[in-house]
>>> print(open('my_file-v4.txt').read())   # compact mmCIF, C-alpha atoms
# COMPACT_ATOMS: atom_id res chain seq x y z
CA MET A 1 -18.92 -94.37 -76.57
CA SER A 2 -21.88 -92.30 -77.81
CA GLY A 3 -22.53 -90.95 -74.32
CA GLY A 4 -18.93 -89.82 -74.04
CA ARG A 5 -19.13 -88.13 -77.44
CA VAL A 6 -22.22 -86.19 -76.37
CA GLU A 7 -20.45 -84.95 -73.21
CA GLU A 8 -17.42 -83.99 -75.29
CA GLU A 9 -19.62 -82.04 -77.73
CA LYS A 10 -21.36 -80.25 -74.84
CA GLU A 11 -18.04 -79.14 -73.39
CA HIS A 12 -16.84 -78.01 -76.82
CA THR A 13 -20.00 -75.97 -77.36
CA LYS A 14 -19.68 -74.39 -73.89
CA SER A 15 -16.11 -73.31 -74.60
CA GLU A 16 -17.15 -71.80 -77.94
CA MET A 17 -19.63 -69.56 -76.15
CA LEU A 18 -16.82 -67.76 -74.32
CA PRO A 19 -14.94 -64.93 -76.07
CA LYS A 20 -11.52 -65.84 -77.39
CA TYR A 21 -8.61 -63.75 -76.12
CA PRO A 22 -4.88 -64.41 -76.21
CA HIS A 23 -3.55 -66.15 -73.11
CA HIS A 24 -0.01 -64.80 -73.11
CA HIS A 25 -0.85 -62.39 -70.28
CA HIS A 26 -1.92 -65.29 -68.04
CA ARG A 27 1.71 -66.22 -67.41
CA GLN A 28 1.31 -64.03 -64.39
CA GLN A 29 -2.18 -64.77 -63.11
CA HIS A 30 -4.06 -61.65 -62.13
CA HIS A 31 -6.28 -61.51 -59.06
CA LEU A 32 -9.24 -59.17 -59.58
CA VAL A 33 -11.19 -57.73 -56.66
CA LEU A 34 -14.62 -56.46 -57.74
CA ILE A 35 -16.34 -53.68 -55.77
CA HIS A 36 -20.04 -52.88 -56.15
CA GLY A 37 -21.84 -49.54 -56.10
CA ILE A 38 -24.40 -48.16 -53.66
CA GLY A 39 -27.21 -50.52 -52.74
CA HIS A 40 -25.71 -53.41 -54.69
CA GLY A 41 -23.48 -56.21 -53.47
CA ALA A 42 -21.02 -58.83 -54.65
CA TRP A 43 -23.97 -60.52 -56.41
CA CYS A 44 -24.10 -57.90 -59.21
CA TRP A 45 -20.83 -59.20 -60.68
CA TYR A 46 -22.04 -62.77 -61.26
CA LYS A 47 -21.75 -62.65 -65.07
CA ILE A 48 -18.33 -60.97 -65.03
CA ARG A 49 -17.01 -63.34 -62.39
CA CYS A 50 -18.09 -66.32 -64.49
CA LEU A 51 -16.39 -64.96 -67.63
CA LEU A 52 -13.19 -64.07 -65.79
CA GLU A 53 -12.88 -67.36 -63.91
CA ALA A 54 -13.60 -69.35 -67.08
CA SER A 55 -10.63 -67.52 -68.63
CA GLY A 56 -8.27 -68.41 -65.81
CA TYR A 57 -8.37 -65.32 -63.63
CA LYS A 58 -8.70 -65.34 -59.87
CA VAL A 59 -11.70 -63.28 -58.75
CA THR A 60 -12.89 -61.97 -55.38
CA CYS A 61 -16.24 -60.14 -55.11
CA LEU A 62 -16.59 -58.24 -51.84
CA ASP A 63 -19.64 -57.00 -49.96
CA LEU A 64 -18.91 -53.65 -48.38
CA LYS A 65 -20.41 -52.94 -44.97
CA GLY A 66 -24.21 -52.99 -44.97
CA ALA A 67 -24.33 -54.37 -48.52
CA GLY A 68 -25.15 -57.75 -50.01
CA ILE A 69 -25.18 -60.40 -47.31
CA ASP A 70 -23.36 -58.24 -44.76
CA GLN A 71 -25.81 -57.95 -41.87
CA SER A 72 -24.89 -54.40 -40.77
CA ASP A 73 -27.67 -51.81 -40.70
CA PRO A 74 -26.72 -49.13 -43.27
CA ASN A 75 -28.25 -46.47 -41.00
CA THR A 76 -25.54 -47.18 -38.43
CA ILE A 77 -22.71 -46.71 -40.96
CA LEU A 78 -21.88 -43.03 -40.61
CA THR A 79 -18.34 -42.77 -42.00
CA PHE A 80 -16.79 -43.86 -45.26
CA GLN A 81 -13.95 -45.51 -43.36
CA ASP A 82 -16.51 -47.78 -41.69
CA TYR A 83 -18.29 -48.54 -44.97
CA ASN A 84 -15.08 -49.39 -46.83
CA LYS A 85 -13.65 -51.52 -44.01
CA PRO A 86 -14.16 -54.88 -45.80
CA LEU A 87 -11.91 -53.79 -48.68
CA ILE A 88 -9.32 -52.24 -46.38
CA ASN A 89 -9.26 -55.38 -44.23
CA PHE A 90 -8.89 -57.52 -47.35
CA LEU A 91 -5.90 -55.49 -48.57
CA SER A 92 -4.35 -55.41 -45.09
CA ASN A 93 -4.40 -59.20 -44.98
CA LEU A 94 -2.88 -59.80 -48.40
CA PRO A 95 0.50 -61.54 -48.38
CA LEU A 96 3.36 -59.04 -48.70
CA ASP A 97 4.29 -60.25 -52.18
CA GLU A 98 0.76 -60.24 -53.62
CA LYS A 99 -0.81 -57.46 -55.66
CA VAL A 100 -4.39 -57.25 -56.93
CA VAL A 101 -6.36 -55.46 -59.61
CA LEU A 102 -9.28 -53.45 -58.23
CA VAL A 103 -12.45 -52.97 -60.28
CA GLY A 104 -15.07 -50.56 -58.95
CA HIS A 105 -18.54 -49.74 -60.22
CA SER A 106 -20.37 -46.44 -59.64
CA VAL A 107 -19.64 -45.08 -56.15
CA GLY A 108 -17.47 -48.17 -55.69
CA GLY A 109 -14.87 -46.01 -57.40
CA MET A 110 -14.53 -44.14 -54.11
CA SER A 111 -13.46 -47.39 -52.47
CA LEU A 112 -10.76 -47.80 -55.12
CA THR A 113 -9.46 -44.26 -54.58
CA ASP A 114 -9.35 -44.79 -50.82
CA ALA A 115 -7.37 -47.99 -51.38
CA ILE A 116 -4.98 -46.34 -53.85
CA HIS A 117 -4.05 -43.70 -51.29
CA ARG A 118 -3.55 -46.26 -48.52
CA PHE A 119 -2.29 -49.44 -50.22
CA ALA A 120 -0.64 -48.38 -53.47
CA ASN A 121 2.03 -51.06 -53.05
CA LYS A 122 -0.63 -53.80 -53.15
CA ILE A 123 -2.53 -52.63 -56.24
CA ARG A 124 -1.44 -53.44 -59.81
CA MET A 125 -4.22 -51.44 -61.43
CA ALA A 126 -7.51 -49.74 -60.57
CA ILE A 127 -10.32 -49.95 -63.12
CA TYR A 128 -13.25 -47.57 -62.74
CA VAL A 129 -16.47 -48.75 -64.43
CA ALA A 130 -19.08 -45.99 -64.76
CA ALA A 131 -17.55 -44.91 -61.49
CA THR A 132 -16.93 -41.92 -59.25
CA MET A 133 -13.26 -41.07 -59.75
CA LEU A 134 -12.35 -38.13 -57.50
CA GLU A 135 -8.76 -37.88 -56.28
CA HIS A 136 -9.75 -36.31 -52.94
CA GLY A 137 -13.33 -37.57 -52.63
CA PHE A 138 -16.13 -35.08 -52.04
CA SER A 139 -13.89 -32.24 -50.89
CA THR A 140 -15.11 -29.34 -53.03
CA PRO A 141 -18.36 -28.15 -54.68
CA GLN A 142 -16.85 -29.21 -58.02
CA ASP A 143 -16.41 -32.74 -56.69
CA PHE A 144 -20.12 -32.93 -55.91
CA LYS A 145 -21.02 -31.50 -59.32
CA ASP A 146 -18.87 -34.04 -61.14
CA GLY A 147 -19.39 -37.11 -58.97
CA LYS A 148 -22.83 -36.96 -57.39
CA PRO A 149 -25.74 -38.34 -59.42
CA ASP A 150 -28.44 -35.83 -60.37
CA LEU A 151 -31.68 -37.73 -60.90
CA SER A 152 -33.99 -34.71 -60.66
CA ALA A 153 -35.07 -35.09 -64.31
CA PHE A 154 -36.83 -38.32 -63.37
CA GLY A 155 -38.78 -36.79 -60.48
CA ASN A 156 -38.96 -38.05 -56.91
CA VAL A 157 -37.13 -41.34 -57.38
CA VAL A 158 -35.26 -41.89 -54.11
CA LYS A 159 -36.56 -43.03 -50.73
CA PHE A 160 -34.57 -41.49 -47.88
CA ILE A 161 -34.23 -43.03 -44.43
CA TYR A 162 -33.58 -40.81 -41.41
CA GLY A 163 -31.79 -43.06 -38.96
CA LEU A 164 -30.65 -40.17 -36.75
CA GLY A 165 -34.08 -38.56 -36.58
CA PRO A 166 -36.27 -36.49 -38.91
CA ASP A 167 -34.42 -33.26 -38.10
CA GLN A 168 -31.06 -34.73 -39.18
CA PRO A 169 -29.67 -35.48 -42.67
CA PRO A 170 -30.74 -38.85 -44.13
CA THR A 171 -28.49 -41.74 -43.22
CA SER A 172 -29.35 -44.01 -46.15
CA ALA A 173 -31.23 -44.04 -49.43
CA ILE A 174 -32.60 -46.47 -51.99
CA MET A 175 -34.06 -45.89 -55.44
CA LYS A 176 -37.79 -46.57 -55.58
CA GLU A 177 -38.46 -49.89 -57.25
CA ASN A 178 -40.66 -48.55 -60.05
CA PHE A 179 -37.77 -46.34 -61.28
CA GLN A 180 -34.92 -48.85 -61.04
CA HIS A 181 -35.19 -50.39 -64.49
CA GLN A 182 -35.70 -47.02 -66.19
CA ILE A 183 -32.67 -45.39 -64.55
CA LEU A 184 -30.20 -48.10 -63.58
CA TYR A 185 -30.84 -50.93 -66.02
CA GLN A 186 -32.64 -49.54 -69.09
CA MET A 187 -30.48 -51.60 -71.49
CA SER A 188 -30.26 -54.67 -69.26
CA PRO A 189 -32.27 -57.91 -69.46
CA LEU A 190 -35.51 -57.73 -67.53
CA GLU A 191 -34.50 -60.84 -65.58
CA ASP A 192 -31.43 -59.06 -64.21
CA SER A 193 -33.26 -55.87 -63.24
CA THR A 194 -35.98 -57.97 -61.59
CA LEU A 195 -33.38 -59.89 -59.60
CA ALA A 196 -31.69 -56.62 -58.64
CA SER A 197 -34.97 -55.16 -57.40
CA MET A 198 -35.21 -58.11 -55.00
CA LEU A 199 -31.64 -57.71 -53.73
CA LEU A 200 -30.98 -53.95 -53.62
CA ARG A 201 -30.59 -52.51 -50.12
CA PRO A 202 -30.51 -48.92 -48.83
CA GLY A 203 -27.00 -47.50 -49.17
CA PRO A 204 -25.26 -45.49 -46.42
CA MET A 205 -25.60 -42.10 -48.10
CA LEU A 206 -24.32 -40.04 -45.18
CA ALA A 207 -21.10 -42.07 -45.10
CA LEU A 208 -20.58 -41.83 -48.84
CA GLN A 209 -21.15 -38.08 -49.08
CA GLY A 210 -18.61 -37.58 -46.30
CA ALA A 211 -15.86 -39.45 -48.13
CA GLN A 212 -12.70 -37.34 -48.33
CA PHE A 213 -9.16 -38.53 -49.02
CA GLU A 214 -5.80 -37.01 -48.22
CA ARG A 215 -2.79 -37.77 -50.32
CA THR A 216 -0.48 -39.77 -48.07
CA ALA A 217 2.29 -40.62 -50.54
CA ASP A 218 3.36 -40.11 -54.12
CA ALA A 219 3.17 -43.89 -54.45
CA ALA A 220 -0.49 -43.44 -55.40
CA ASP A 221 0.68 -41.97 -58.71
CA CYS A 222 2.35 -45.30 -59.51
CA VAL A 223 -0.97 -47.17 -59.63
CA PRO A 224 -2.22 -47.18 -63.25
CA ARG A 225 -5.89 -46.24 -63.50
CA VAL A 226 -8.29 -47.16 -66.29
CA TYR A 227 -11.71 -45.59 -66.83
CA ILE A 228 -14.54 -47.37 -68.68
CA LYS A 229 -17.15 -44.83 -69.81
CA THR A 230 -20.81 -45.80 -70.15
CA MET A 231 -22.36 -43.67 -72.86
CA GLN A 232 -26.06 -44.29 -72.08
CA ASP A 233 -25.66 -43.76 -68.33
CA HIS A 234 -28.53 -41.99 -66.53
CA VAL A 235 -26.80 -42.05 -63.11
CA ILE A 236 -23.27 -40.74 -63.67
CA LYS A 237 -23.84 -38.97 -66.95
CA PRO A 238 -21.19 -39.08 -69.71
CA GLU A 239 -20.39 -35.38 -69.22
CA GLN A 240 -19.74 -36.03 -65.51
CA GLN A 241 -17.49 -38.94 -66.40
CA ASP A 242 -15.62 -36.72 -68.86
CA ALA A 243 -15.17 -34.03 -66.20
CA MET A 244 -13.67 -36.50 -63.72
CA ILE A 245 -11.39 -37.96 -66.40
CA LYS A 246 -10.16 -34.46 -67.29
CA ARG A 247 -9.48 -33.47 -63.68
CA TRP A 248 -7.65 -36.69 -62.73
CA PRO A 249 -6.52 -38.26 -66.00
CA PRO A 250 -6.22 -42.06 -66.04
CA SER A 251 -3.70 -43.91 -68.16
CA GLN A 252 -6.40 -45.40 -70.42
CA VAL A 253 -10.04 -44.65 -71.24
CA PHE A 254 -12.40 -47.14 -72.87
CA VAL A 255 -15.90 -46.39 -74.14
CA LEU A 256 -18.87 -48.71 -73.72
CA ASP A 257 -22.32 -48.25 -75.28
CA SER A 258 -24.08 -49.24 -72.08
CA ASP A 259 -26.44 -48.16 -69.35
CA HIS A 260 -25.13 -47.63 -65.82
CA SER A 261 -24.91 -51.39 -65.28
CA PRO A 262 -22.73 -52.97 -67.99
CA PHE A 263 -22.21 -56.08 -65.85
CA PHE A 264 -25.85 -56.84 -66.78
CA SER A 265 -26.37 -55.11 -70.13
CA THR A 266 -23.06 -55.75 -71.94
CA PRO A 267 -21.14 -58.29 -69.83
CA THR A 268 -19.16 -59.84 -72.69
CA VAL A 269 -17.99 -56.46 -74.00
CA LEU A 270 -17.12 -55.30 -70.47
CA PHE A 271 -15.19 -58.52 -69.94
CA GLY A 272 -13.26 -57.87 -73.15
CA LEU A 273 -12.32 -54.37 -72.00
CA LEU A 274 -11.16 -55.70 -68.63
CA VAL A 275 -8.95 -58.25 -70.40
CA LYS A 276 -7.57 -55.49 -72.66
CA ALA A 277 -6.74 -53.36 -69.63
CA LEU A 278 -5.06 -56.28 -67.87
CA ALA A 279 -2.93 -56.98 -70.93
CA SER A 280 -1.35 -53.54 -70.52
CA ILE A 281 -0.05 -54.24 -67.01
CA LYS A 282 3.71 -54.31 -66.84
CA CYS A 283 5.10 -57.26 -64.91
CA SER A 284 6.50 -56.28 -61.51
>>> encode(input="my_file-v4.txt", output="structure tokens")
Amino acid sequence: MSGGRVEEEKEHTKSEMLPKYPHHHHRQQHHLVLIHGIGHGAWCWYKIRCLLEASGYKVTCLDLKGAGIDQSDPNTILTFQDYNKPLINFLSNLPLDEKVVLVGHSVGGMSLTDAIHRFANKIRMAIYVAATMLEHGFSTPQDFKDGKPDLSAFGNVVKFIYGLGPDQPPTSAIMKENFQHQILYQMSPLEDSTLASMLLRPGPMLALQGAQFERTADAADCVPRVYIKTMQDHVIKPEQQDAMIKRWPPSQVFVLDSDHSPFFSTPTVLFGLLVKALASIKCS
């Protein structure tokens, strides 16, 4: 009897550690697909996935091409279409009657925008977290000003890799390890930034900077978009986020007192904002 009581108390304590949110919106279970930013992988969402799944949501964390455990060499990924293929393949293979919620971090927002233009009928909502939100990708100088990180204030922080030769533009890039915590994770636990430094991979910069999207249908306007601003962000600065929000207004904007990586620094608050956004989805 006493052993059973101890187990019961452990389970009760574990459940108390999770935030309490109303469950009325779970009548229609949402499937969230989480997309990482440059150099990261599905692994960066581990805290958010745990919180979401413990609350009854279905969660898929994808590795884009050359990221995470995908074995592709990022220096051979020269187009955005190639880089984003895992998400496009995932959406292509969804059952006809299934819709998902996309969540993208950082340049993962470009993957969401690509998907919105191509698979609007399969997306319930797109949530941009400290993300690049450009309706047409990097099509104009203003797009680069608003959406491309400017890290020059920190000095020479990026290592470039020239997969096509030294006389060609760099094919991939990775932030130097001694700058990662200061720029990407300054409000995050040291354990998380240490783990990230062991897992980060060069990202296919040439492919990402060439990302451009054409509007294929007005259906894209039917996908509600939510933006979660990160106010202590050194990568996509708050004024850049504001500029993108102004140029392509989402249906909702939430504000988070976080560094560029809220999945590490403020996971419980980020989880709460995701739940709040999901609660606004109209059944369809």
>>> residues_near_point(input="my_file-v4.txt", point="(-16.2, -44.9, -69.9)", cutoff="10 Å", atoms="all atoms listed in the file", output="ChimeraX atom specification")
/A:128-131,226-231,233,238,241-242,245,252-258
>>> write_last_selection(input="my_file-v4.txt", atoms="C-alpha atoms", output="PDB file, keeping the file's coordinate frame")
ATOM      1  CA  TYR A 128     -13.250 -47.570 -62.740  1.00  0.00           C
ATOM      2  CA  VAL A 129     -16.470 -48.750 -64.430  1.00  0.00           C
ATOM      3  CA  ALA A 130     -19.080 -45.990 -64.760  1.00  0.00           C
ATOM      4  CA  ALA A 131     -17.550 -44.910 -61.490  1.00  0.00           C
ATOM      5  CA  VAL A 226      -8.290 -47.160 -66.290  1.00  0.00           C
ATOM      6  CA  TYR A 227     -11.710 -45.590 -66.830  1.00  0.00           C
ATOM      7  CA  ILE A 228     -14.540 -47.370 -68.680  1.00  0.00           C
ATOM      8  CA  LYS A 229     -17.150 -44.830 -69.810  1.00  0.00           C
ATOM      9  CA  THR A 230     -20.810 -45.800 -70.150  1.00  0.00           C
ATOM     10  CA  MET A 231     -22.360 -43.670 -72.860  1.00  0.00           C
ATOM     11  CA  ASP A 233     -25.660 -43.760 -68.330  1.00  0.00           C
ATOM     12  CA  PRO A 238     -21.190 -39.080 -69.710  1.00  0.00           C
ATOM     13  CA  GLN A 241     -17.490 -38.940 -66.400  1.00  0.00           C
ATOM     14  CA  ASP A 242     -15.620 -36.720 -68.860  1.00  0.00           C
ATOM     15  CA  ILE A 245     -11.390 -37.960 -66.400  1.00  0.00           C
ATOM     16  CA  GLN A 252      -6.400 -45.400 -70.420  1.00  0.00           C
ATOM     17  CA  VAL A 253     -10.040 -44.650 -71.240  1.00  0.00           C
ATOM     18  CA  PHE A 254     -12.400 -47.140 -72.870  1.00  0.00           C
ATOM     19  CA  VAL A 255     -15.900 -46.390 -74.140  1.00  0.00           C
ATOM     20  CA  LEU A 256     -18.870 -48.710 -73.720  1.00  0.00           C
ATOM     21  CA  ASP A 257     -22.320 -48.250 -75.280  1.00  0.00           C
ATOM     22  CA  SER A 258     -24.080 -49.240 -72.080  1.00  0.00           C
TER      23      SER A 258
END
>>> residues_near_point(input="my_file-v4.txt", point="(-21.3, -33.8, -61.7)", cutoff="9 Å", atoms="only C-alpha atoms", output="count of residues only")
16
>>> residues_around(input="my_file-v4.txt", residues="Leu199 (chain A)", least_positions_apart="6", cutoff="10 Å", atoms="all atoms listed in the file", output="list in words")
Gly39, His40, Gly41, Trp43, Cys44, Ala67, Gly68, Ile69 and Ser193 of chain A
>>> residues_around(input="my_file-v4.txt", residues="His117 (chain A)", least_positions_apart="2", cutoff="6 Å", atoms="all atoms listed in the file", output="VMD selection string")
chain A and resid 114 to 115 220
>>> atom_distance(input="my_file-v4.txt", atom1="CA of Phe264 (chain A)", atom2="CA of Ser280 (chain A)")
25.0 Å
>>> atom_distance(input="my_file-v4.txt", atom1="CA of Ser72 (chain A)", atom2="CA of Pro267 (chain A)")
29.6 Å
>>> closest_residue(input="my_file-v4.txt", among="A:Ile281, A:Met110, A:Ile88, A:Val223", to="Ala207 (chain A)", atoms="all atoms listed in the file")
A:Met110
>>> closest_residue(input="my_file-v4.txt", among="A:Phe80, A:Phe179, A:Tyr162, A:Trp248", to="Ser111 (chain A)", atoms="all atoms listed in the file")
A:Phe80
